[in-house]
Structures are given as structure tokens and as C-alpha cells.
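Structure file target_6.pdb (PDB, C-alpha atoms) follows.
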ATOM      1  CA  PRO A 718      74.615  79.551-116.905
ATOM      2  CA  ASN A 719      72.685  81.926-119.214
ATOM      3  CA  GLU A 720      75.081  84.746-118.385
ATOM      4  CA  SER A 721      78.005  85.876-120.487
ATOM      5  CA  TYR A 722      81.315  86.919-119.056
ATOM      6  CA  GLU A 723      84.634  88.095-120.407
ATOM      7  CA  GLN A 724      87.827  86.109-120.175
ATOM      8  CA  ILE A 725      91.262  87.652-120.512
ATOM      9  CA  PHE A 726      94.274  85.515-121.361
ATOM     10  CA  TRP A 727      97.704  86.945-120.749
ATOM     11  CA  LEU A 728     100.656  85.877-122.858
ATOM     12  CA  THR A 729     104.157  86.653-121.757
ATOM     13  CA  GLN A 730     107.036  87.137-124.152
ATOM     14  CA  ARG A 731     108.498  83.828-123.014
ATOM     15  CA  SER A 732     105.288  81.856-123.591
ATOM     16  CA  MET A 733     104.901  83.368-127.057
ATOM     17  CA  MET A 734     108.455  82.316-127.964
ATOM     18  CA  GLN A 735     107.828  78.791-126.712
ATOM     19  CA  HIS A 736     104.620  78.368-128.693
ATOM     20  CA  ARG A 737     105.793  79.987-131.924
ATOM     21  CA  PRO A 738     105.241  77.567-134.802
ATOM     22  CA  ALA A 739     108.226  76.549-136.873
ATOM     23  CA  TYR A 740     107.957  78.126-140.310
ATOM     24  CA  LYS A 741     109.628  76.415-143.192
ATOM     25  CA  LEU A 742     110.400  77.705-146.616
ATOM     26  CA  VAL A 743     108.476  76.205-149.497
ATOM     27  CA  ALA A 744     111.386  76.093-151.928
ATOM     28  CA  TYR A 745     113.932  73.596-150.707
ATOM     29  CA  PRO A 746     117.550  74.478-151.431
ATOM     30  CA  SER A 747     118.662  72.933-154.677
ATOM     31  CA  HIS A 748     122.040  71.259-154.930
ATOM     32  CA  THR A 749     122.418  72.301-158.534
ATOM     33  CA  THR A 750     124.012  75.618-159.353
ATOM     34  CA  PHE A 751     122.222  78.027-161.598
ATOM     35  CA  ILE A 752     123.422  80.232-164.429
ATOM     36  CA  VAL A 753     123.136  84.013-164.455
ATOM     37  CA  HIS A 754     123.628  85.911-167.683
ATOM     38  CA  ILE A 755     125.026  89.410-167.231
ATOM     39  CA  ASP A 756     124.242  91.824-170.026
ATOM     40  CA  SER A 757     127.313  92.454-172.140
ATOM     41  CA  ASN A 758     126.739  96.235-171.848
ATOM     42  CA  GLU A 759     127.008  96.166-168.031
ATOM     43  CA  ARG A 760     130.188  98.102-167.128
ATOM     44  CA  TYR A 761     130.613  97.176-163.459
ATOM     45  CA  PRO A 762     128.582  94.006-162.935
ATOM     46  CA  TRP A 763     127.482  92.592-159.632
ATOM     47  CA  ARG A 764     129.167  89.462-158.336
ATOM     48  CA  PHE A 765     127.340  86.199-157.789
ATOM     49  CA  PRO A 766     129.530  83.888-155.670
ATOM     50  CA  LYS A 767     129.092  80.129-156.161
ATOM     51  CA  VAL A 768     127.032  80.787-159.287
ATOM     52  CA  ILE A 769     127.975  80.340-162.920
ATOM     53  CA  THR A 770     127.968  83.735-164.633
ATOM     54  CA  GLU A 771     128.228  84.406-168.351
ATOM     55  CA  ARG A 772     128.351  87.652-170.291
ATOM     56  CA  ALA A 773     125.737  87.776-173.047
ATOM     57  CA  PRO A 774     123.438  90.289-174.709
ATOM     58  CA  LEU A 775     120.015  90.304-173.070
ATOM     59  CA  PRO A 776     116.764  91.389-174.742
ATOM     60  CA  ILE A 777     115.882  93.497-171.698
ATOM     61  CA  GLY A 778     117.317  93.957-168.218
ATOM     62  CA  ASP A 779     120.829  93.613-166.879
ATOM     63  CA  TYR A 780     120.762  90.177-165.204
ATOM     64  CA  ALA A 781     118.906  87.043-166.216
ATOM     65  CA  LEU A 782     118.451  83.724-164.456
ATOM     66  CA  MET A 783     118.724  81.050-167.125
ATOM     67  CA  ASP A 784     117.401  77.523-167.507
ATOM     68  CA  GLY A 785     119.108  76.350-170.666
ATOM     69  CA  ASP A 786     118.204  78.947-173.289
ATOM     70  CA  ASN A 787     115.114  80.127-171.392
ATOM     71  CA  ILE A 788     115.043  83.239-169.233
ATOM     72  CA  ILE A 789     113.182  82.445-166.020
ATOM     73  CA  ALA A 790     113.901  85.680-164.113
ATOM     74  CA  LEU A 791     115.084  89.154-165.090
ATOM     75  CA  VAL A 792     116.414  92.094-163.109
ATOM     76  CA  GLU A 793     116.886  95.633-164.367
ATOM     77  CA  ARG A 794     119.453  97.445-162.226
ATOM     78  CA  LYS A 795     119.397 101.195-161.693
ATOM     79  CA  THR A 796     121.863 103.325-159.813
ATOM     80  CA  PRO A 797     120.429 106.607-158.505
ATOM     81  CA  ASP A 798     122.130 108.515-161.339
ATOM     82  CA  ASN A 799     120.799 106.040-163.944
ATOM     83  CA  LEU A 800     117.261 106.470-162.701
ATOM     84  CA  LEU A 801     117.549 110.262-162.609
ATOM     85  CA  ALA A 802     118.908 110.239-166.169
ATOM     86  CA  ASP A 803     116.006 108.003-167.246
ATOM     87  CA  PHE A 804     113.560 110.562-165.839
ATOM     88  CA  ASP A 805     114.650 112.771-168.771
ATOM     89  CA  MET A 806     113.247 110.137-171.155
ATOM     90  CA  MET A 807     110.189 108.821-169.310
ATOM     91  CA  PRO A 808     108.446 107.343-172.394
ATOM     92  CA  VAL A 809     111.534 105.231-173.148
ATOM     93  CA  LEU A 810     111.763 104.128-169.503
ATOM     94  CA  HIS A 811     108.072 103.161-169.488
ATOM     95  CA  GLU A 812     108.565 101.127-172.655
ATOM     96  CA  LYS A 813     111.537  99.249-171.153
ATOM     97  CA  LEU A 814     109.682  98.551-167.912
ATOM     98  CA  ALA A 815     106.582  97.354-169.768
ATOM     99  CA  GLU A 816     108.758  94.888-171.678
ATOM    100  CA  LEU A 817     110.460  93.791-168.440
ATOM    101  CA  ALA A 818     107.073  93.138-166.832
ATOM    102  CA  THR A 819     106.150  90.692-169.593
ATOM    103  CA  TYR A 820     108.418  88.121-167.957
ATOM    104  CA  GLN A 821     106.929  86.163-165.063
ATOM    105  CA  ASN A 822     109.779  86.779-162.594
ATOM    106  CA  HIS A 823     111.082  90.304-162.952
ATOM    107  CA  ALA A 824     112.262  93.213-160.847
ATOM    108  CA  LEU A 825     113.556  96.750-161.108
ATOM    109  CA  VAL A 826     116.241  97.019-158.424
ATOM    110  CA  ILE A 827     117.318 100.526-157.446
ATOM    111  CA  GLU A 828     120.606 100.928-155.582
ATOM    112  CA  ALA A 829     119.333 103.670-153.283
ATOM    113  CA  PRO A 830     116.651 104.097-150.651
ATOM    114  CA  TYR A 831     113.480 105.925-151.665
ATOM    115  CA  ALA A 832     114.348 108.696-149.193
ATOM    116  CA  ASP A 833     117.378 109.659-151.315
ATOM    117  CA  PHE A 834     115.005 110.745-154.088
ATOM    118  CA  LEU A 835     113.309 113.090-151.627
ATOM    119  CA  ASN A 836     116.588 114.689-150.544
ATOM    120  CA  ALA A 837     117.338 117.791-152.629
ATOM    121  CA  ALA A 838     121.086 117.470-151.977
ATOM    122  CA  LYS A 839     121.184 114.023-153.631
ATOM    123  CA  ILE A 840     119.040 114.545-156.710
ATOM    124  CA  HIS A 841     120.905 117.374-158.471
ATOM    125  CA  HIS A 842     118.710 119.295-160.896
ATOM    126  CA  TYR A 843     115.365 117.702-159.999
ATOM    127  CA  THR A 844     113.065 118.637-157.147
ATOM    128  CA  PRO A 845     112.030 116.084-154.540
ATOM    129  CA  ARG A 846     108.423 116.670-155.597
ATOM    130  CA  PHE A 847     109.199 115.766-159.209
ATOM    131  CA  CYS A 848     111.072 112.603-158.180
ATOM    132  CA  ALA A 849     108.210 111.509-155.943
ATOM    133  CA  ARG A 850     105.719 112.066-158.773
ATOM    134  CA  ALA A 851     107.941 110.224-161.287
ATOM    135  CA  ILE A 852     108.352 107.204-159.000
ATOM    136  CA  GLY A 853     104.632 107.265-158.241
ATOM    137  CA  GLU A 854     103.993 107.220-161.991
ATOM    138  CA  LEU A 855     106.227 104.136-162.343
ATOM    139  CA  TYR A 856     104.124 102.322-159.748
ATOM    140  CA  ALA A 857     100.839 103.508-161.287
ATOM    141  CA  LEU A 858     101.640 102.649-164.916
ATOM    142  CA  HIS A 859     103.324  99.325-164.087
ATOM    143  CA  PRO A 860     101.250  97.822-161.254
ATOM    144  CA  ASN A 861     102.676  94.314-161.732
ATOM    145  CA  LEU A 862     106.290  95.437-161.808
ATOM    146  CA  ARG A 863     108.373  94.669-158.722
ATOM    147  CA  ILE A 864     110.222  97.871-157.822
ATOM    148  CA  ILE A 865     112.768  97.270-155.084
ATOM    149  CA  PHE A 866     114.615 100.087-153.309
ATOM    150  CA  CYS A 867     117.812  98.854-151.654
ATOM    151  CA  SER A 868     120.057 100.942-149.451
ATOM    152  CA  ASN A 869     123.182 100.513-151.596
ATOM    153  CA  ARG A 870     124.888  98.490-154.334
ATOM    154  CA  LYS A 871     125.867  95.623-152.045
ATOM    155  CA  VAL A 872     122.329  95.176-150.673
ATOM    156  CA  ALA A 873     120.877  95.329-154.201
ATOM    157  CA  ASN A 874     123.326  92.632-155.309
ATOM    158  CA  GLU A 875     122.405  90.433-152.323
ATOM    159  CA  TRP A 876     118.679  90.915-152.898
ATOM    160  CA  THR A 877     119.051  89.873-156.542
ATOM    161  CA  ARG A 878     121.182  86.849-155.664
ATOM    162  CA  HIS A 879     118.624  85.628-153.117
ATOM    163  CA  TYR A 880     115.739  86.373-155.492
ATOM    164  CA  PHE A 881     117.350  84.309-158.254
ATOM    165  CA  SER A 882     118.113  81.560-155.752
ATOM    166  CA  ALA A 883     114.488  81.466-154.532
ATOM    167  CA  VAL A 884     113.121  81.355-158.088
ATOM    168  CA  TRP A 885     115.566  78.590-159.011
ATOM    169  CA  ASN A 886     114.887  76.546-155.865
ATOM    170  CA  LEU A 887     111.132  76.839-156.282
ATOM    171  CA  ARG A 888     111.403  75.758-159.898
ATOM    172  CA  GLN A 889     113.562  72.762-158.949
ATOM    173  CA  SER A 890     111.270  71.697-156.084
ATOM    174  CA  LEU A 891     108.177  71.868-158.347
ATOM    175  CA  GLU A 892     109.889  69.672-160.947
ATOM    176  CA  ARG A 893     110.472  66.899-158.386
TER
END

Could you spell out this file's structure in C-alpha cells?
Amino acid sequence: PNESYEQIFWLTQRSMMQHRPAYKLVAYPSHTTFIVHIDSNERYPWRFPKVITERAPLPIGDYALMDGDNIIALVERKTPDNLLADFDMMPVLHEKLAELATYQNHALVIEAPYADFLNAAKIHHYTPRFCARAIGELYALHPNLRIIFCSNRKVANEWTRHYFSAVWNLRQSLER
């Protein structure tokens, strides 16, 4: 009594695995399918298996998750070459991204890892320093914009499909 002492508790990998709490997702999977509008100007659109897709002009972005006539999520897709070409017209890009960010659920999905924009062999006539500054400017001027770098087209498509699914499922579970 009246003396303090230190106790050390050791946890093994096995005991941590046994006592790990079970995490559950908040948005329960919905049994209703959702509708994705693909912008009519999209030349080589992504595929969304087990989802209803329709071609339609969109006010902004390339893919929209629809609830009736309402857009509930938007994704602007950029290939590395698209983004590099947009660097030539930064004010126009900023305007498009500002409009995209006005929607509650939005994302700019880039089909390349960030490291590709720092590799001089992959960015043609720009320097890695310029690309890093341009991307930094996108983050600084659009702090609420979700900018997602994916490793390739397939991963970007999967990310978008799961993002739309999560938004849809959350919306359906909140309506219950």
C-alpha cells in the first residue's frame, strides 16, 4: 500500500486474434439494384456487373448513381493522359472540380498511382515537379473533393462500383 508499481501485460498474436471485436458495416446490403448513368460522351465506359446502366448526358462527371431523377453520387474519371491534358487548362479543370464538389457524394478517380506523375518517363512533356505542384494545387483549392489514385483502370472501376454500392446501401438502410 501507498507505493506505486508498474505492471506489464504481454499480448501474443494469438490472444489478440481471439479477442478482436467483430466489426460490422453500417450500411446493410440492399437487395434492390441501383442505376448508374454513364455520360453519353464517355468513349470506353467502365462496366458495372449486376447493375442497371444507362447512357445519358450528365451535368458534370462521367458516372452518376441515380435515385429516380436525382443524382446521389458522381464520379469524374481521369486517365493519366486526360489529367495531363487538363493541366494545360487548369482554370477549366478547377471550375469542373468545384462544380463536382457541390454534390454530396463525389469523387475524382484517377486511373494511375500518384507515383506515375513523379516518373519523368511517364509524364511526357511535364516535369515531375510541375505534376506534384499541380496535384497539390488540386488538393489545396478543393479541400472537400475526394481525389482517389488507383493503380489502373480495373481498380478504378472496382473502387467506383463499391463506392456507389456503399452510398446506395447506406441510403437504403437509413430509409428503413

Selection under test: the PyMOL selection byres ((chain A and resi 834-838) around 12); residues as number ranges by chain:
A: 796-798, 800-801, 804, 827-833, 839-853, 866, 868

Residue IDs satisfying the PyMOL selection byres ((chain A and resi 775-792) around 8), as number ranges by chain
A: 751-757, 759, 773-774, 793-794, 813, 816-817, 820-826, 877, 881, 884

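Interatomic distance, CA of Lys795 in chain A against CA of Lys767 in chain A: 23.8 Å.
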
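The two atoms in question, CA of Arg764 in chain A and CA of Val872 in chain A, are spaced 11.8 Å apart.
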
Under the rule that all atoms listed in the file are counted, which of A:Met807, A:Lys871, A:Thr749, A:Asn758 is the nearest residue to Arg888 in chain A?
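The closest residue to Arg888 in chain A is A:Thr749.
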
Between A:Leu814, A:Met733, A:Phe765, A:Glu771, which has the minimum distance to His859 in chain A (counting all atoms listed in the file)?
A:Leu814

For CA of Gln889 in chain A and CA of Ile769 in chain A, the interatomic separation in Å (one decimal)
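CA of Ile769 in chain A lies 16.8 Å from CA of Gln889 in chain A.
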